[in-house]
Amino acid sequence: MAALRAAKQALRTELKKRISQLSDQEKLRQSHIVTQKLIKHPKYQRCQRIAVFLSMHDEVQTEEIIEDIFQKGKVCFIPKYQKKSHHMDMVKLTAASEIHALPLTSWNIPQPSEEEHREEALDTGGLDLILMPGLGFDKHGNRLGRGKGYYDTYLGRCMNHPKGKPYTIAVAFKEQICDAIPVADNDIQVDEILYEFK
């Protein structure tokens, strides 16, 4: 277990270095390509209830995706992380413009405040699709997150929902694709990864 943890940590360091070498312009260029691939994707087109992460500076930018979700009349949910725990909810966003009014977390991610009550996806109709963040991915669908386990825990909760596990699509820079990601038995694979050359 310690060896696996060390392997994951070493790969996180390597991937952060790779991503840090991308210019803002290059990140935007790849983000736009990945967004267009997603918007044309049959799964995305069929899905109605979609959870999408609000991107940090080292991730594929998701603002364009969120705008498209609202333009198409779909329902958008965003993560709400609980401090000092591995608990995350997916709460309803009412408009794309609302993102800019949300308070920032210590990670500089906009999210509704602790006190604000919003509809949680699993309390109502579940989710059709979750767009997955991550530091690295391999072509077998293995994902390397940031080590907090938020998404694996949330997907476990989805599996207990009557609707079952939503389809998962990771959006990534091509620099985040690895030959192999070290994984544990409880790490959940993503169904598909979208990046520039896929």
# chains A, B, ... in the order shown; residues from 1 in each chain; ligands from 1
>>> closest_atom_pairs(of="segment 42-113 of chain A", to="segment 120-138 of chain A", cutoff="9 Å", atoms="only C-alpha atoms", output="tab-separated table")
residue	atom	partner	partner_atom	distance
A:Lys43	CA	A:Leu129	CA	8.1
A:Tyr44	CA	A:Leu129	CA	7.4
A:Arg46	CA	A:Asp128	CA	8.9
A:Cys47	CA	A:Asp128	CA	5.5
A:Gln48	CA	A:Asp128	CA	6.5
A:Arg49	CA	A:Leu127	CA	5.1
A:Ile50	CA	A:Leu129	CA	4.9
A:Ala51	CA	A:Ile130	CA	4.7
A:Val52	CA	A:Leu131	CA	5.0
A:Phe53	CA	A:Pro133	CA	6.8
A:Ser55	CA	A:Pro133	CA	8.1
A:Asp58	CA	A:Leu135	CA	8.6
A:Glu59	CA	A:Pro133	CA	7.3
A:Val60	CA	A:Pro133	CA	8.2
A:Phe77	CA	A:Ala121	CA	7.0
A:Asp89	CA	A:Glu120	CA	6.4
A:Met90	CA	A:Glu120	CA	5.5
A:Val91	CA	A:Glu120	CA	4.5
A:Lys92	CA	A:Glu120	CA	6.5
>>> residues_around(residues="Val190 of chain A", least_positions_apart="3", cutoff="9 Å", atoms="only C-alpha atoms", output="list in words")
Met132, Phe137, His140, Gly141, Asn142, Arg143, Tyr167, Thr168, Ile169, Ala170 and Ile193 of chain A
>>> select_by_dssp(residues="segment 20-197 of chain A", states="alpha helix (DSSP H)", output="number ranges by chain")
A: 20, 24-39, 42-46, 63-71, 150-159
>>> residues_around(residues="segment 99-101 of chain A", least_positions_apart="5", cutoff="10 Å", atoms="only C-alpha atoms", output="PyMOL selection string")
chain A and resi 54+63+66+78+93-94+109-112
>>> write_last_selection(atoms="N, CA, C and O atoms", output="JSON list (two decimals), in the first residue's frame")
[["chain", "number", "residue", "atom", "x", "y", "z"],
["A", 54, "LEU", "N", -15.73, 22.74, -11.74],
["A", 54, "LEU", "CA", -15.30, 24.11, -12.07],
["A", 54, "LEU", "C", -13.78, 24.07, -12.06],
["A", 54, "LEU", "O", -13.16, 23.79, -11.04],
["A", 63, "GLU", "N", -15.71, 26.27, -18.53],
["A", 63, "GLU", "CA", -16.73, 27.32, -18.61],
["A", 63, "GLU", "C", -17.59, 27.22, -19.89],
["A", 63, "GLU", "O", -18.80, 27.37, -19.86],
["A", 66, "ILE", "N", -20.10, 24.48, -19.54],
["A", 66, "ILE", "CA", -21.23, 24.87, -18.67],
["A", 66, "ILE", "C", -22.20, 25.77, -19.44],
["A", 66, "ILE", "O", -23.41, 25.60, -19.36],
["A", 78, "ILE", "N", -22.73, 21.10, -9.94],
["A", 78, "ILE", "CA", -21.30, 21.36, -9.71],
["A", 78, "ILE", "C", -20.90, 20.80, -8.34],
["A", 78, "ILE", "O", -21.74, 20.66, -7.45],
["A", 93, "LEU", "N", -26.68, 24.19, -10.26],
["A", 93, "LEU", "CA", -26.31, 25.55, -10.68],
["A", 93, "LEU", "C", -27.50, 26.08, -11.48],
["A", 93, "LEU", "O", -28.04, 25.37, -12.32],
["A", 94, "THR", "N", -27.91, 27.31, -11.19],
["A", 94, "THR", "CA", -29.12, 27.81, -11.87],
["A", 94, "THR", "C", -28.82, 28.57, -13.16],
["A", 94, "THR", "O", -29.68, 28.71, -14.02],
["A", 109, "ILE", "N", -11.36, 27.55, -5.99],
["A", 109, "ILE", "CA", -12.46, 27.04, -6.83],
["A", 109, "ILE", "C", -13.76, 27.67, -6.34],
["A", 109, "ILE", "O", -14.04, 27.64, -5.14],
["A", 110, "PRO", "N", -14.56, 28.22, -7.25],
["A", 110, "PRO", "CA", -15.87, 28.75, -6.82],
["A", 110, "PRO", "C", -16.78, 27.60, -6.39],
["A", 110, "PRO", "O", -16.84, 26.57, -7.06],
["A", 111, "GLN", "N", -17.46, 27.78, -5.27],
["A", 111, "GLN", "CA", -18.50, 26.81, -4.88],
["A", 111, "GLN", "C", -19.46, 27.47, -3.90],
["A", 111, "GLN", "O", -19.07, 28.41, -3.20],
["A", 112, "PRO", "N", -20.71, 27.00, -3.85],
["A", 112, "PRO", "CA", -21.67, 27.59, -2.91],
["A", 112, "PRO", "C", -21.14, 27.49, -1.47],
["A", 112, "PRO", "O", -20.42, 26.55, -1.13]]
>>> select_by_dssp(residues="segment 4-142 of chain A", states="strand (DSSP E or B)", output="list of chain:residue names")
A:Arg49, A:Ile50, A:Ala51, A:Val75, A:Cys76, A:Phe77, A:Ile78, A:Pro79, A:Lys80, A:Tyr81, A:Met88, A:Asp89, A:Met90, A:Val91, A:Lys92, A:Leu93, A:Leu104, A:Pro110, A:Glu120, A:Leu129, A:Ile130, A:Leu131, A:Met132, A:Gly136, A:Phe137, A:Asp138
>>> residues_around(residues="Gly156 of chain A", least_positions_apart="4", cutoff="10 Å", atoms="only C-alpha atoms", output="NGL selection string")
:A and (151-152 or 160-161 or 164-165 or 186 or 188)
>>> decode(residues="segment 156-193 of chain A", atoms="N, CA and C atoms", output="mmCIF file, in the first residue's frame")
data_model
loop_
_atom_site.group_PDB
_atom_site.id
_atom_site.type_symbol
_atom_site.label_atom_id
_atom_site.label_comp_id
_atom_site.auth_asym_id
_atom_site.auth_seq_id
_atom_site.Cartn_x
_atom_site.Cartn_y
_atom_site.Cartn_z
ATOM 1 N N GLY A 156 -19.353 5.891 -5.607
ATOM 2 C CA GLY A 156 -19.870 4.817 -4.748
ATOM 3 C C GLY A 156 -21.294 5.126 -4.304
ATOM 4 N N ARG A 157 -21.545 6.380 -3.955
ATOM 5 C CA ARG A 157 -22.908 6.791 -3.567
ATOM 6 C C ARG A 157 -23.866 6.685 -4.764
ATOM 7 N N CYS A 158 -23.379 7.045 -5.955
ATOM 8 C CA CYS A 158 -24.217 6.962 -7.166
ATOM 9 C C CYS A 158 -24.676 5.526 -7.410
ATOM 10 N N MET A 159 -23.788 4.575 -7.130
ATOM 11 C CA MET A 159 -24.115 3.166 -7.385
ATOM 12 C C MET A 159 -25.280 2.690 -6.520
ATOM 13 N N ASN A 160 -25.493 3.366 -5.388
ATOM 14 C CA ASN A 160 -26.610 3.003 -4.504
ATOM 15 C C ASN A 160 -27.891 3.749 -4.861
ATOM 16 N N HIS A 161 -27.825 4.643 -5.838
ATOM 17 C CA HIS A 161 -29.002 5.403 -6.266
ATOM 18 C C HIS A 161 -29.803 4.542 -7.247
ATOM 19 N N PRO A 162 -31.147 4.667 -7.226
ATOM 20 C CA PRO A 162 -31.963 3.863 -8.165
ATOM 21 C C PRO A 162 -31.536 4.004 -9.634
ATOM 22 N N LYS A 163 -31.011 5.174 -9.997
ATOM 23 C CA LYS A 163 -30.596 5.391 -11.390
ATOM 24 C C LYS A 163 -29.282 4.674 -11.708
ATOM 25 N N GLY A 164 -28.532 4.333 -10.675
ATOM 26 C CA GLY A 164 -27.249 3.640 -10.882
ATOM 27 C C GLY A 164 -26.122 4.609 -11.228
ATOM 28 N N LYS A 165 -24.973 4.021 -11.573
ATOM 29 C CA LYS A 165 -23.777 4.829 -11.845
ATOM 30 C C LYS A 165 -23.934 5.607 -13.145
ATOM 31 N N PRO A 166 -23.678 6.920 -13.104
ATOM 32 C CA PRO A 166 -23.728 7.702 -14.346
ATOM 33 C C PRO A 166 -22.549 7.350 -15.257
ATOM 34 N N TYR A 167 -22.678 7.679 -16.537
ATOM 35 C CA TYR A 167 -21.556 7.546 -17.468
ATOM 36 C C TYR A 167 -20.513 8.585 -17.066
ATOM 37 N N THR A 168 -19.240 8.238 -17.137
ATOM 38 C CA THR A 168 -18.190 9.187 -16.740
ATOM 39 C C THR A 168 -17.258 9.470 -17.919
ATOM 40 N N ILE A 169 -17.034 10.741 -18.158
ATOM 41 C CA ILE A 169 -16.094 11.164 -19.201
ATOM 42 C C ILE A 169 -15.067 12.096 -18.564
ATOM 43 N N ALA A 170 -13.798 11.758 -18.724
ATOM 44 C CA ALA A 170 -12.726 12.641 -18.265
ATOM 45 C C ALA A 170 -12.325 13.556 -19.417
ATOM 46 N N VAL A 171 -12.075 14.813 -19.101
ATOM 47 C CA VAL A 171 -11.568 15.754 -20.111
ATOM 48 C C VAL A 171 -10.145 16.128 -19.709
ATOM 49 N N ALA A 172 -9.214 16.019 -20.652
ATOM 50 C CA ALA A 172 -7.801 16.133 -20.288
ATOM 51 C C ALA A 172 -6.969 16.822 -21.364
ATOM 52 N N PHE A 173 -5.847 17.375 -20.931
ATOM 53 C CA PHE A 173 -4.811 17.816 -21.867
ATOM 54 C C PHE A 173 -4.073 16.557 -22.325
ATOM 55 N N LYS A 174 -3.531 16.573 -23.536
ATOM 56 C CA LYS A 174 -2.822 15.381 -24.027
ATOM 57 C C LYS A 174 -1.609 15.055 -23.148
ATOM 58 N N GLU A 175 -1.068 16.076 -22.484
ATOM 59 C CA GLU A 175 0.086 15.873 -21.591
ATOM 60 C C GLU A 175 -0.295 15.083 -20.331
ATOM 61 N N GLN A 176 -1.579 14.922 -20.084
ATOM 62 C CA GLN A 176 -2.029 14.190 -18.894
ATOM 63 C C GLN A 176 -2.236 12.696 -19.165
ATOM 64 N N ILE A 177 -2.028 12.282 -20.412
ATOM 65 C CA ILE A 177 -2.231 10.870 -20.762
ATOM 66 C C ILE A 177 -0.926 10.106 -20.501
ATOM 67 N N CYS A 178 -1.029 9.041 -19.713
ATOM 68 C CA CYS A 178 0.142 8.256 -19.297
ATOM 69 C C CYS A 178 0.044 6.835 -19.856
ATOM 70 N N ASP A 179 1.180 6.150 -19.859
ATOM 71 C CA ASP A 179 1.182 4.749 -20.294
ATOM 72 C C ASP A 179 0.386 3.891 -19.319
ATOM 73 N N ALA A 180 0.605 4.115 -18.031
ATOM 74 C CA ALA A 180 -0.107 3.337 -17.008
ATOM 75 C C ALA A 180 -0.213 4.155 -15.732
ATOM 76 N N ILE A 181 -1.395 4.113 -15.130
ATOM 77 C CA ILE A 181 -1.637 4.793 -13.846
ATOM 78 C C ILE A 181 -1.619 3.720 -12.758
ATOM 79 N N PRO A 182 -0.847 3.911 -11.676
ATOM 80 C CA PRO A 182 -0.890 2.922 -10.581
ATOM 81 C C PRO A 182 -2.238 3.018 -9.858
ATOM 82 N N VAL A 183 -2.924 1.892 -9.709
ATOM 83 C CA VAL A 183 -4.262 1.921 -9.104
ATOM 84 C C VAL A 183 -4.428 0.891 -7.990
ATOM 85 N N ALA A 184 -5.363 1.206 -7.090
ATOM 86 C CA ALA A 184 -5.772 0.266 -6.036
ATOM 87 C C ALA A 184 -7.084 -0.379 -6.472
ATOM 88 N N ASP A 185 -7.494 -1.414 -5.761
ATOM 89 C CA ASP A 185 -8.720 -2.141 -6.118
ATOM 90 C C ASP A 185 -9.967 -1.254 -6.053
ATOM 91 N N ASN A 186 -9.946 -0.267 -5.148
ATOM 92 C CA ASN A 186 -11.150 0.564 -4.977
ATOM 93 C C ASN A 186 -11.150 1.814 -5.876
ATOM 94 N N ASP A 187 -10.123 1.997 -6.708
ATOM 95 C CA ASP A 187 -10.108 3.121 -7.653
ATOM 96 C C ASP A 187 -11.078 2.805 -8.798
ATOM 97 N N ILE A 188 -11.973 3.747 -9.069
ATOM 98 C CA ILE A 188 -12.994 3.505 -10.097
ATOM 99 C C ILE A 188 -12.525 4.073 -11.437
ATOM 100 N N GLN A 189 -12.610 3.257 -12.473
ATOM 101 C CA GLN A 189 -12.191 3.700 -13.811
ATOM 102 C C GLN A 189 -13.226 4.655 -14.414
ATOM 103 N N VAL A 190 -12.752 5.516 -15.314
ATOM 104 C CA VAL A 190 -13.681 6.362 -16.063
ATOM 105 C C VAL A 190 -14.071 5.616 -17.343
ATOM 106 N N ASP A 191 -15.278 5.907 -17.835
ATOM 107 C CA ASP A 191 -15.765 5.200 -19.021
ATOM 108 C C ASP A 191 -15.040 5.650 -20.289
ATOM 109 N N GLU A 192 -14.616 6.915 -20.313
ATOM 110 C CA GLU A 192 -14.011 7.456 -21.538
ATOM 111 C C GLU A 192 -13.175 8.681 -21.193
ATOM 112 N N ILE A 193 -12.129 8.905 -21.984
ATOM 113 C CA ILE A 193 -11.275 10.080 -21.789
ATOM 114 C C ILE A 193 -11.227 10.850 -23.104
#
